[in-house]
>>> print(open('work37.tsv').read())   # TSV, C-alpha atoms
chain	number	residue	atom	x	y	z
F	1	MET	CA	-20.86	-5.95	-20.36
F	2	VAL	CA	-20.03	-3.80	-17.34
F	3	GLY	CA	-16.42	-4.98	-17.53
F	4	ALA	CA	-16.19	-4.13	-21.22
F	5	HIS	CA	-17.40	-0.56	-20.58
F	6	ILE	CA	-15.69	-0.04	-17.22
F	7	GLY	CA	-13.49	2.82	-18.49
F	8	THR	CA	-16.45	4.92	-19.64
F	9	ILE	CA	-18.54	4.01	-16.59
F	10	SER	CA	-15.70	5.03	-14.28
F	11	GLN	CA	-15.20	8.37	-15.98
F	12	VAL	CA	-18.90	9.20	-15.80
F	13	PHE	CA	-18.99	8.03	-12.17
F	14	TYR	CA	-16.23	10.33	-10.95
F	15	GLU	CA	-17.67	13.31	-12.80
F	16	ARG	CA	-21.02	12.69	-11.12
F	17	LEU	CA	-19.45	12.05	-7.70
F	18	PHE	CA	-17.24	15.14	-7.62
F	19	ASN	CA	-19.97	17.41	-8.97
F	20	ALA	CA	-22.31	16.21	-6.23
F	21	VAL	CA	-19.76	16.00	-3.37
F	22	PRO	CA	-16.71	18.21	-4.16
F	23	SER	CA	-15.26	17.59	-0.67
F	24	LEU	CA	-14.39	14.01	-1.70
F	25	ILE	CA	-11.88	15.18	-4.32
F	26	ASP	CA	-9.12	15.48	-1.71
F	27	THR	CA	-9.64	11.87	-0.61
F	28	PHE	CA	-8.50	10.54	-3.98
F	29	ASN	CA	-4.97	10.58	-5.36
F	30	GLN	CA	-4.85	13.43	-7.88
F	31	THR	CA	-1.98	11.82	-9.79
F	32	ASN	CA	-4.05	8.69	-10.33
F	33	GLN	CA	-7.08	10.83	-11.17
F	34	ALA	CA	-5.10	12.66	-13.85
F	35	ASN	CA	-3.77	9.51	-15.53
F	36	GLY	CA	-7.03	7.55	-15.22
F	37	ASP	CA	-5.75	4.86	-12.85
F	38	GLN	CA	-8.12	5.81	-10.01
F	39	GLN	CA	-11.13	5.89	-12.32
F	40	ARG	CA	-10.48	2.33	-13.42
F	41	ALA	CA	-9.76	1.07	-9.91
F	42	LEU	CA	-12.94	1.80	-7.96
F	43	ALA	CA	-15.55	0.66	-10.46
F	44	GLY	CA	-13.18	-2.13	-11.48
F	45	SER	CA	-13.09	-3.31	-7.87
F	46	VAL	CA	-16.86	-3.72	-7.85
F	47	ALA	CA	-16.74	-5.66	-11.13
F	48	SER	CA	-13.85	-7.80	-9.86
F	49	PHE	CA	-15.72	-8.55	-6.65
F	50	ALA	CA	-18.71	-9.70	-8.68
F	51	SER	CA	-16.42	-11.97	-10.72
F	52	LEU	CA	-15.01	-13.49	-7.53
F	53	LEU	CA	-18.52	-14.29	-6.31
F	54	VAL	CA	-19.27	-16.41	-9.36
F	55	ALA	CA	-15.79	-17.84	-9.99
F	56	ASP	CA	-15.66	-21.56	-10.82
F	57	THR	CA	-12.72	-21.96	-8.42
F	58	PRO	CA	-13.27	-20.79	-4.82
F	59	VAL	CA	-11.45	-17.53	-4.08
F	60	ASP	CA	-10.49	-16.14	-0.67
F	61	ILE	CA	-12.72	-13.07	-0.83
F	62	ASP	CA	-12.20	-12.33	2.88
F	63	ALA	CA	-8.49	-11.69	2.35
F	64	VAL	CA	-9.25	-9.33	-0.54
F	65	MET	CA	-11.84	-7.47	1.51
F	66	ALA	CA	-9.43	-7.14	4.44
F	67	ARG	CA	-6.91	-5.30	2.26
F	68	ILE	CA	-9.52	-2.90	0.90
F	69	ALA	CA	-10.93	-2.31	4.39
F	70	ALA	CA	-7.51	-1.44	5.76
F	71	LYS	CA	-6.92	1.07	2.97
F	72	HIS	CA	-10.34	2.62	3.53
F	73	ALA	CA	-9.81	2.84	7.28
F	74	SER	CA	-6.53	4.67	6.72
F	75	LEU	CA	-8.49	7.25	4.70
F	76	GLY	CA	-11.28	7.65	7.25
F	77	VAL	CA	-14.01	6.12	5.06
F	78	ARG	CA	-17.41	5.97	6.77
F	79	ALA	CA	-20.47	3.81	6.16
F	80	ALA	CA	-22.32	6.77	4.64
F	81	HIS	CA	-19.74	7.01	1.86
F	82	TYR	CA	-20.90	3.67	0.46
F	83	GLU	CA	-24.41	4.95	-0.20
F	84	ILE	CA	-23.01	8.04	-1.91
F	85	VAL	CA	-20.91	5.81	-4.16
F	86	ARG	CA	-23.85	3.47	-4.80
F	87	THR	CA	-26.03	6.34	-6.01
F	88	HIS	CA	-23.53	7.73	-8.49
F	89	LEU	CA	-21.97	4.44	-9.60
F	90	PHE	CA	-25.26	2.85	-10.58
F	91	ALA	CA	-26.53	6.03	-12.17
F	92	SER	CA	-23.35	5.92	-14.27
F	93	ILE	CA	-23.93	2.28	-15.25
F	94	VAL	CA	-27.45	3.12	-16.40
F	95	GLU	CA	-26.25	6.21	-18.29
F	96	VAL	CA	-23.62	4.21	-20.19
F	97	LEU	CA	-25.45	0.92	-20.76
F	98	GLY	CA	-28.98	2.28	-21.15
F	99	GLU	CA	-31.71	-0.29	-21.76
F	100	ALA	CA	-29.32	-3.18	-21.16
F	101	VAL	CA	-29.73	-2.47	-17.44
F	102	THR	CA	-33.06	-4.26	-16.97
F	103	PRO	CA	-34.69	-4.38	-13.54
F	104	GLU	CA	-33.25	-7.87	-13.06
F	105	VAL	CA	-29.72	-6.72	-13.94
F	106	ALA	CA	-30.01	-3.65	-11.70
F	107	SER	CA	-31.26	-5.78	-8.82
F	108	ALA	CA	-28.38	-8.24	-9.20
F	109	TRP	CA	-25.75	-5.48	-9.24
F	110	HIS	CA	-27.27	-3.79	-6.20
F	111	GLU	CA	-27.11	-7.13	-4.39
F	112	VAL	CA	-23.41	-7.49	-5.32
F	113	TYR	CA	-22.67	-3.96	-4.14
F	114	THR	CA	-24.58	-4.47	-0.89
F	115	LEU	CA	-22.58	-7.63	-0.11
F	116	MET	CA	-19.33	-5.80	-0.80
F	117	ALA	CA	-20.28	-2.66	1.15
F	118	ASN	CA	-21.59	-4.58	4.18
F	119	SER	CA	-18.42	-6.67	4.34
F	120	LEU	CA	-16.22	-3.59	4.20
F	121	VAL	CA	-18.25	-1.56	6.70
F	122	GLU	CA	-18.14	-4.45	9.18
F	123	GLN	CA	-14.38	-4.83	8.86
F	124	GLU	CA	-13.69	-1.09	8.91
F	125	THR	CA	-15.80	-0.69	12.06
F	126	ALA	CA	-13.67	-3.37	13.74
F	127	LEU	CA	-10.47	-1.66	12.59
F	128	TYR	CA	-11.57	1.67	14.00
F	129	ARG	CA	-12.45	-0.02	17.28
F	130	GLN	CA	-9.02	-1.68	17.43
F	131	ALA	CA	-7.35	1.67	16.75
F	132	GLY	CA	-9.36	3.30	19.54
F	133	VAL	CA	-11.00	5.91	17.29
F	134	GLU	CA	-14.53	6.70	16.21
F	135	PRO	CA	-15.40	5.58	12.64
F	136	GLY	CA	-13.70	7.95	10.23
F	137	GLU	CA	-11.98	9.99	12.97
F	138	VAL	CA	-8.48	8.79	12.15
F	139	TRP	CA	-6.44	11.99	11.96
F	140	ARG	CA	-4.01	13.05	14.67
F	141	SER	CA	-1.26	15.65	14.69
F	142	THR	CA	2.35	14.50	15.00
F	143	ILE	CA	5.62	16.41	15.15
F	144	VAL	CA	8.53	15.74	12.82
F	145	THR	CA	11.50	15.23	15.12
F	146	GLU	CA	14.10	14.53	12.44
F	147	HIS	CA	14.40	14.76	8.66
F	148	GLU	CA	17.20	12.91	6.90
F	149	TYR	CA	17.94	12.50	3.22
F	150	ASP	CA	18.30	8.77	2.72
F	151	GLY	CA	19.83	7.85	-0.61
F	152	ALA	CA	19.74	10.11	-3.64
F	153	HIS	CA	15.97	10.26	-4.08
F	154	ALA	CA	14.40	9.68	-0.66
F	155	ALA	CA	14.03	11.17	2.80
F	156	THR	CA	13.20	9.58	6.15
F	157	LEU	CA	10.96	11.43	8.58
F	158	TYR	CA	10.79	10.60	12.29
F	159	LEU	CA	7.48	11.37	14.01
F	160	CYS	CA	6.44	11.75	17.65
F	161	ALA	CA	3.10	12.46	19.32
F	162	GLU	CA	2.27	16.13	19.75
F	163	ASP	CA	1.45	15.65	23.44
F	164	GLY	CA	4.67	13.76	24.18
F	165	SER	CA	2.99	10.37	24.68
F	166	ARG	CA	4.08	7.24	22.86
F	167	LEU	CA	2.57	6.66	19.45
F	168	PRO	CA	0.68	3.35	19.17
F	169	GLY	CA	2.47	0.14	18.27
F	170	PHE	CA	2.12	-1.54	14.89
F	171	LEU	CA	2.88	-4.78	13.09
F	172	PRO	CA	5.68	-5.13	10.51
F	173	GLY	CA	4.21	-4.34	7.10
F	174	GLN	CA	1.51	-1.93	8.26
F	175	TYR	CA	1.32	1.63	6.97
F	176	ILE	CA	0.06	5.05	7.98
F	177	SER	CA	-1.64	7.71	5.89
F	178	VAL	CA	-0.16	11.21	5.72
F	179	ARG	CA	-2.51	14.10	4.95
F	180	MET	CA	-1.10	17.42	3.77
F	181	PRO	CA	-2.37	20.70	2.31
F	182	LEU	CA	-1.16	21.54	-1.20
F	183	PRO	CA	0.38	24.93	-2.04
F	184	GLY	CA	-2.31	25.62	-4.63
F	185	GLY	CA	-5.18	24.65	-2.32
F	186	GLY	CA	-6.83	21.39	-1.37
F	187	GLU	CA	-5.23	18.40	0.33
F	188	GLN	CA	-3.83	15.03	-0.58
F	189	ILE	CA	-3.37	11.74	1.28
F	190	ARG	CA	-0.70	9.10	0.75
F	191	GLN	CA	0.20	5.83	2.50
F	192	TYR	CA	3.71	4.95	3.67
F	193	THR	CA	5.03	1.83	5.39
F	194	VAL	CA	5.74	2.64	9.03
F	195	PHE	CA	8.76	1.32	10.90
F	196	PRO	CA	10.20	2.00	14.37
F	197	GLY	CA	11.92	5.29	15.04
F	198	ARG	CA	15.02	5.72	17.17
F	199	VAL	CA	13.26	5.89	20.53
F	200	PRO	CA	10.28	3.93	21.90
F	201	GLY	CA	6.94	5.29	20.75
F	202	GLU	CA	8.39	7.05	17.69
F	203	TRP	CA	7.38	6.28	14.09
F	204	ALA	CA	9.41	6.64	10.92
F	205	ILE	CA	8.52	6.69	7.23
F	206	THR	CA	10.69	6.89	4.13
F	207	VAL	CA	9.40	8.85	1.13
F	208	LYS	CA	10.73	8.61	-2.41
F	209	ARG	CA	10.67	11.88	-4.32
F	210	ILE	CA	8.50	11.44	-7.43
F	211	PRO	CA	9.19	14.10	-10.10
F	212	GLY	CA	5.95	15.98	-10.67
F	213	GLY	CA	4.32	14.34	-7.65
F	214	PHE	CA	1.95	16.23	-5.38
F	215	LEU	CA	3.12	15.15	-1.91
F	216	SER	CA	6.49	13.42	-2.16
F	217	PRO	CA	8.50	16.56	-3.13
F	218	LEU	CA	6.92	18.44	-0.22
F	219	LEU	CA	7.70	15.68	2.27
F	220	CYS	CA	11.24	15.25	0.98
F	221	ASP	CA	12.26	18.87	0.55
F	222	SER	CA	9.91	21.18	2.47
F	223	VAL	CA	9.09	19.37	5.72
F	224	ARG	CA	11.63	19.89	8.50
F	225	PRO	CA	11.92	19.17	12.27
F	226	GLY	CA	9.13	20.86	14.16
F	227	HIS	CA	6.68	20.57	11.26
F	228	ARG	CA	3.26	19.16	12.14
F	229	LEU	CA	1.89	16.29	10.06
F	230	LEU	CA	-1.61	14.84	10.16
F	231	VAL	CA	-1.40	11.05	10.14
F	232	SER	CA	-3.68	8.07	10.60
F	233	PRO	CA	-3.18	5.11	12.96
F	234	PRO	CA	-1.29	2.16	11.47
F	235	PHE	CA	-3.43	-0.09	9.29
F	236	GLY	CA	-2.80	-2.94	6.86
F	237	SER	CA	-3.71	-6.61	6.78
F	238	LEU	CA	-0.52	-7.76	5.06
F	239	VAL	CA	1.95	-8.21	7.91
F	240	VAL	CA	5.00	-10.40	8.35
F	241	ASP	CA	3.83	-13.33	10.44
F	242	ASP	CA	5.42	-14.66	13.61
F	243	GLY	CA	5.67	-18.25	12.39
F	244	ASP	CA	8.75	-20.46	12.36
F	245	GLU	CA	9.04	-20.91	8.59
F	246	PRO	CA	12.03	-19.37	6.83
F	247	LEU	CA	11.51	-15.82	5.59
F	248	LEU	CA	12.43	-14.43	2.18
F	249	LEU	CA	12.20	-10.62	2.15
F	250	VAL	CA	12.51	-9.09	-1.32
F	251	SER	CA	12.49	-5.34	-1.94
F	252	ALA	CA	13.46	-2.61	-4.35
F	253	GLY	CA	13.97	1.09	-3.67
F	254	VAL	CA	11.94	2.45	-0.75
F	255	GLY	CA	10.16	-0.92	-0.60
F	256	VAL	CA	13.03	-1.79	1.75
F	257	THR	CA	11.06	-0.13	4.58
F	258	MET	CA	8.89	-3.23	4.87
F	259	THR	CA	12.07	-5.30	5.20
F	260	ILE	CA	13.45	-2.89	7.81
F	261	ALA	CA	10.23	-3.14	9.83
F	262	ALA	CA	10.33	-6.96	9.66
F	263	LEU	CA	14.00	-7.18	10.67
F	264	ARG	CA	13.52	-4.77	13.57
F	265	HIS	CA	10.53	-6.85	14.73
F	266	LEU	CA	12.54	-10.07	14.57
F	267	LEU	CA	15.46	-8.51	16.45
F	268	ASP	CA	13.20	-7.11	19.19
F	269	ARG	CA	11.66	-10.56	19.67
F	270	GLY	CA	15.04	-12.30	19.82
F	271	SER	CA	14.01	-14.44	16.85
F	272	THR	CA	16.26	-17.21	15.55
F	273	ARG	CA	14.24	-17.56	12.37
F	274	SER	CA	16.06	-18.17	9.08
F	275	VAL	CA	15.92	-14.99	6.98
F	276	ASP	CA	17.15	-14.21	3.47
F	277	VAL	CA	17.03	-10.56	2.41
F	278	VAL	CA	17.16	-9.60	-1.26
F	279	HIS	CA	17.28	-5.90	-2.10
F	280	VAL	CA	17.61	-4.25	-5.51
F	281	ASP	CA	18.67	-0.67	-6.25
F	282	ARG	CA	20.36	1.06	-9.15
F	283	THR	CA	23.50	2.08	-7.21
F	284	PRO	CA	24.68	2.14	-3.57
F	285	TYR	CA	24.31	5.92	-3.68
F	286	GLU	CA	20.58	5.56	-4.34
F	287	GLN	CA	19.88	2.83	-1.79
F	288	PRO	CA	17.80	3.94	1.23
F	289	HIS	CA	18.69	2.43	4.61
F	290	ARG	CA	21.86	0.89	3.21
F	291	THR	CA	23.78	0.91	6.51
F	292	GLU	CA	20.80	-0.04	8.67
F	293	LEU	CA	19.92	-2.99	6.45
F	294	SER	CA	23.43	-4.40	6.75
F	295	THR	CA	23.52	-3.81	10.52
F	296	LEU	CA	20.18	-5.54	11.14
F	297	VAL	CA	21.08	-8.58	9.02
F	298	LYS	CA	24.37	-8.98	10.91
F	299	ALA	CA	22.58	-8.69	14.27
F	300	LEU	CA	20.25	-11.62	13.55
F	301	PRO	CA	21.67	-15.11	14.18
F	302	ASP	CA	20.44	-16.75	10.96
F	303	ALA	CA	20.11	-13.99	8.35
F	304	ARG	CA	21.79	-13.37	5.01
F	305	SER	CA	21.80	-10.33	2.72
F	306	HIS	CA	21.82	-10.34	-1.09
F	307	VAL	CA	22.03	-6.78	-2.45
F	308	ARG	CA	21.89	-6.24	-6.21
F	309	TYR	CA	22.83	-3.02	-8.02
F	310	THR	CA	21.34	-2.94	-11.49
F	311	GLU	CA	23.83	-0.43	-12.89
F	312	TYR	CA	26.65	-2.87	-12.21
F	313	ASP	CA	25.06	-6.32	-12.12
F	314	GLU	CA	23.20	-6.01	-15.45
F	315	ILE	CA	20.13	-7.57	-13.88
F	316	ARG	CA	17.53	-8.40	-16.55
F	317	GLY	CA	19.82	-6.91	-19.18
F	318	ASP	CA	21.49	-10.29	-19.56
F	319	GLY	CA	18.40	-12.30	-18.68
F	320	ARG	CA	19.28	-12.78	-15.04
F	321	SER	CA	16.86	-12.27	-12.17
F	322	PRO	CA	17.55	-10.52	-8.83
F	323	LEU	CA	17.02	-14.00	-7.36
F	324	THR	CA	19.84	-15.56	-9.41
F	325	ASP	CA	22.25	-17.39	-7.07
F	326	VAL	CA	19.94	-16.84	-4.09
F	327	PRO	CA	19.13	-20.20	-2.47
F	328	LEU	CA	15.35	-20.31	-2.10
F	329	PRO	CA	14.62	-21.77	1.33
F	330	GLU	CA	12.10	-24.58	1.32
F	331	HIS	CA	8.67	-23.77	2.77
F	332	ALA	CA	9.58	-20.09	3.11
F	333	GLN	CA	7.09	-17.27	3.46
F	334	THR	CA	8.02	-14.57	0.93
F	335	TYR	CA	7.21	-10.86	1.22
F	336	VAL	CA	7.82	-8.55	-1.73
F	337	CYS	CA	7.64	-4.75	-1.75
F	338	GLY	CA	8.68	-2.35	-4.49
F	339	PRO	CA	7.52	-0.96	-7.84
F	340	ILE	CA	4.72	-2.87	-9.53
F	341	PRO	CA	6.83	-4.17	-12.50
F	342	PHE	CA	9.47	-5.39	-10.02
F	343	MET	CA	6.91	-7.28	-7.94
F	344	ARG	CA	5.36	-8.81	-11.04
F	345	SER	CA	8.73	-10.12	-12.21
F	346	ILE	CA	9.74	-11.42	-8.78
F	347	ARG	CA	6.46	-13.26	-8.36
F	348	ALA	CA	6.80	-14.79	-11.84
F	349	ASP	CA	10.38	-15.88	-11.10
F	350	LEU	CA	9.37	-17.46	-7.81
F	351	VAL	CA	6.41	-19.33	-9.28
F	352	ALA	CA	8.60	-20.54	-12.19
F	353	SER	CA	11.06	-21.86	-9.58
F	354	GLY	CA	8.32	-23.96	-8.00
F	355	VAL	CA	7.40	-21.66	-5.10
F	356	ALA	CA	3.74	-22.01	-4.10
F	357	PRO	CA	1.84	-18.82	-5.07
F	358	GLU	CA	-0.01	-18.73	-1.76
F	359	THR	CA	3.30	-18.25	0.10
F	360	ILE	CA	4.15	-15.08	-1.88
F	361	HIS	CA	2.82	-11.90	-0.30
F	362	TYR	CA	3.14	-8.36	-1.63
F	363	GLU	CA	2.16	-4.83	-0.74
F	364	ALA	CA	1.29	-2.20	-3.33
F	365	PHE	CA	-0.29	1.19	-2.73
F	366	ALA	CA	-1.47	1.60	-6.32
F	367	PRO	CA	-5.28	1.70	-6.81
F	368	GLY	CA	-6.86	-1.70	-7.33
F	369	SER	CA	-3.76	-3.61	-6.21
F	370	TRP	CA	-5.69	-5.82	-3.79
F	371	PHE	CA	-7.10	-7.94	-6.64
F	372	GLY	CA	-3.70	-8.96	-8.01
F	373	LEU	CA	-0.70	-7.60	-9.87
F	374	GLU	CA	-1.88	-8.31	-13.39
F	375	ASP	CA	-3.74	-5.06	-14.11
F	376	VAL	CA	-2.31	-2.72	-11.50
F	377	PRO	CA	-0.99	0.66	-12.72
F	378	THR	CA	2.79	0.95	-12.70
F	379	THR	CA	3.20	4.40	-11.13
F	380	VAL	CA	1.93	6.03	-7.96
F	381	ASP	CA	2.99	9.13	-6.01
>>> encode(input="work37.tsv", output="structure tokens")
Amino acid sequence: MVGAHIGTISQVFYERLFNAVPSLIDTFNQTNQANGDQQRALAGSVASFASLLVADTPVDIDAVMARIAAKHASLGVRAAHYEIVRTHLFASIVEVLGEAVTPEVASAWHEVYTLMANSLVEQETALYRQAGVEPGEVWRSTIVTEHEYDGAHAATLYLCAEDGSRLPGFLPGQYISVRMPLPGGGEQIRQYTVFPGRVPGEWAITVKRIPGGFLSPLLCDSVRPGHRLLVSPPFGSLVVDDGDEPLLLVSAGVGVTMTIAALRHLLDRGSTRSVDVVHVDRTPYEQPHRTELSTLVKALPDARSHVRYTEYDEIRGDGRSPLTDVPLPEHAQTYVCGPIPFMRSIRADLVASGVAPETIHYEAFAPGSWFGLEDVPTTVD
């Protein structure tokens, strides 16, 4: 019943939450608020968690919780936030469902929420400890050292510590949050995959300009060297492992930054691992990191590159997949990063080719993406 009414419950919840605690508005993506994606994601996460608890087939809930905890840590979520959400979420459930919420039903849902909240608080506390910050105190000022347009629709920003020290290390696949004031007032936060800069202790991010977006046009076109940016430490539980199995790295658009981070990591470690890189863009002119991707693949002893340009290769238009003619290495670990529809199609192609689903890993910054790709929104700024 909660699942069937989740849209209405979510809408009532956010109205209650923001009326009671207006300061939380800036924590949530305003684009996703406007189109309804955020409303569906938070309450939907609680309902999905409850479904996982009673699933007939065992589900790895810990892995799901780790992804949510990492996202929350990058936003500076504190334990007290969970009680605020509890109050307004369950008041919203009662408002929408009325007498159907008997004392027994209310008790069961509070138990579900308590399990979920306790798991997340425990993991987030550990993440803050690992990052060397107090819970919720994640923001530090960095200086933009370089700004480069990278492809037709993206820009790469290089960041250094304001005090001249080295920024902390990170694992390939992790991301940082960027927090910026908006011209009309308020702030917004976005996550971007972090990869090594040009000197030790420097970070870099690549941002795709989203027409009508809140932050991406500012980062691409207004931020310049010398600009200060508030950022979080690197977080993220989905990282490219250091095993010996072959790697298949699949990306589209600015999703290539995860591939760049992985290749740089392999090169720094002197890895001889077998690597196949598949990247999809519309044209060479629009491809971010085109030269760097080619250089890194050539520098690794057992790596191959398969770049597809949809304007020329007619990918999907003639029924072909970006993976057509790409030999799929046996027992490979696959990492996919790009737009949601792209990742859905790649995962479906891989599974149809006999690849074990548990070896396919993906990163998506859209709300609710930790529970799977099936119901994730398709756009995010």
>>> closest_atom_pairs(input="work37.tsv", of="region 64-167 of chain F", to="region 289-301 of chain F", cutoff="10 Å", atoms="all atoms listed in the file", output="JSON lines")
{"residue": "F:Asp150", "atom": "CA", "partner": "F:His289", "partner_atom": "CA", "distance": 6.6}
{"residue": "F:Gly151", "atom": "CA", "partner": "F:His289", "partner_atom": "CA", "distance": 7.6}
{"residue": "F:Ala154", "atom": "CA", "partner": "F:His289", "partner_atom": "CA", "distance": 9.9}
{"residue": "F:Thr156", "atom": "CA", "partner": "F:His289", "partner_atom": "CA", "distance": 9.1}
>>> closest_residue(input="work37.tsv", among="F:Val280, F:Leu75, F:Met116, F:Val12", to="Leu52 (chain F)", atoms="all atoms listed in the file")
F:Met116
>>> closest_residue(input="work37.tsv", among="F:Asp349, F:Val77, F:Gly98, F:Tyr82", to="Met1 (chain F)", atoms="only C-alpha atoms")
F:Gly98
>>> closest_residue(input="work37.tsv", among="F:Cys220, F:Ile360, F:Met65, F:Leu266", to="Val46 (chain F)", atoms="only C-alpha atoms")
F:Met65
>>> atom_distance(input="work37.tsv", atom1="CA of Gln287 (chain F)", atom2="CA of Thr257 (chain F)")
11.3 Å
>>> atom_distance(input="work37.tsv", atom1="CA of Val307 (chain F)", atom2="CA of Pro341 (chain F)")
18.4 Å
>>> atom_distance(input="work37.tsv", atom1="CA of Ala303 (chain F)", atom2="CA of Arg282 (chain F)")
23.1 Å
>>> residues_around(input="work37.tsv", residues="Pro234 (chain F)", least_positions_apart="5", cutoff="8 Å", atoms="all atoms listed in the file", output="list in words")
Ser74, Phe170, Gln174, Tyr175, Ile176, Ser177 and Val194 of chain F
>>> axis_aligned_box(input="work37.tsv", around="region 266-278 of chain F", padding_each_side="5 Å", output="lines of an AutoDock Vina configuration file")
center_x = 14.4
center_y = -12.6
center_z = 9.3
size_x = 15.5
size_y = 21.1
size_z = 31.1
>>> residues_around(input="work37.tsv", residues="Pro172 (chain F)", least_positions_apart="2", cutoff="10 Å", atoms="all atoms listed in the file", output="PyMOL selection string")
chain F and resi 169-170+174-175+193-196+236+238-241+257-266
>>> closest_residue(input="work37.tsv", among="F:Val2, F:Val21, F:Ala155, F:Leu167", to="Ser141 (chain F)", atoms="all atoms listed in the file")
F:Leu167
>>> closest_residue(input="work37.tsv", among="F:Val277, F:Leu247, F:Leu89, F:Leu328", to="Leu17 (chain F)", atoms="all atoms listed in the file")
F:Leu89
>>> closest_residue(input="work37.tsv", among="F:His153, F:Arg166, F:Arg228, F:Arg16", to="Arg179 (chain F)", atoms="only C-alpha atoms")
F:Arg228
>>> residues_around(input="work37.tsv", residues="Tyr128 (chain F)", least_positions_apart="6", cutoff="8 Å", atoms="all atoms listed in the file", output="number ranges by chain")
F: 73, 134-136, 138
>>> write_last_selection(input="work37.tsv", atoms="C-alpha atoms", output="short mmCIF file (atom, residue, chain, number, x, y, z; two decimals), in the frame of the given file")
data_model
loop_
_atom_site.label_atom_id
_atom_site.label_comp_id
_atom_site.auth_asym_id
_atom_site.auth_seq_id
_atom_site.Cartn_x
_atom_site.Cartn_y
_atom_site.Cartn_z
CA ALA F 73 -9.81 2.84 7.28
CA GLU F 134 -14.53 6.70 16.21
CA PRO F 135 -15.40 5.58 12.64
CA GLY F 136 -13.70 7.95 10.23
CA VAL F 138 -8.48 8.79 12.15
#
>>> residues_around(input="work37.tsv", residues="His72 (chain F)", least_positions_apart="2", cutoff="12 Å", atoms="all atoms listed in the file", output="count of residues only")
40
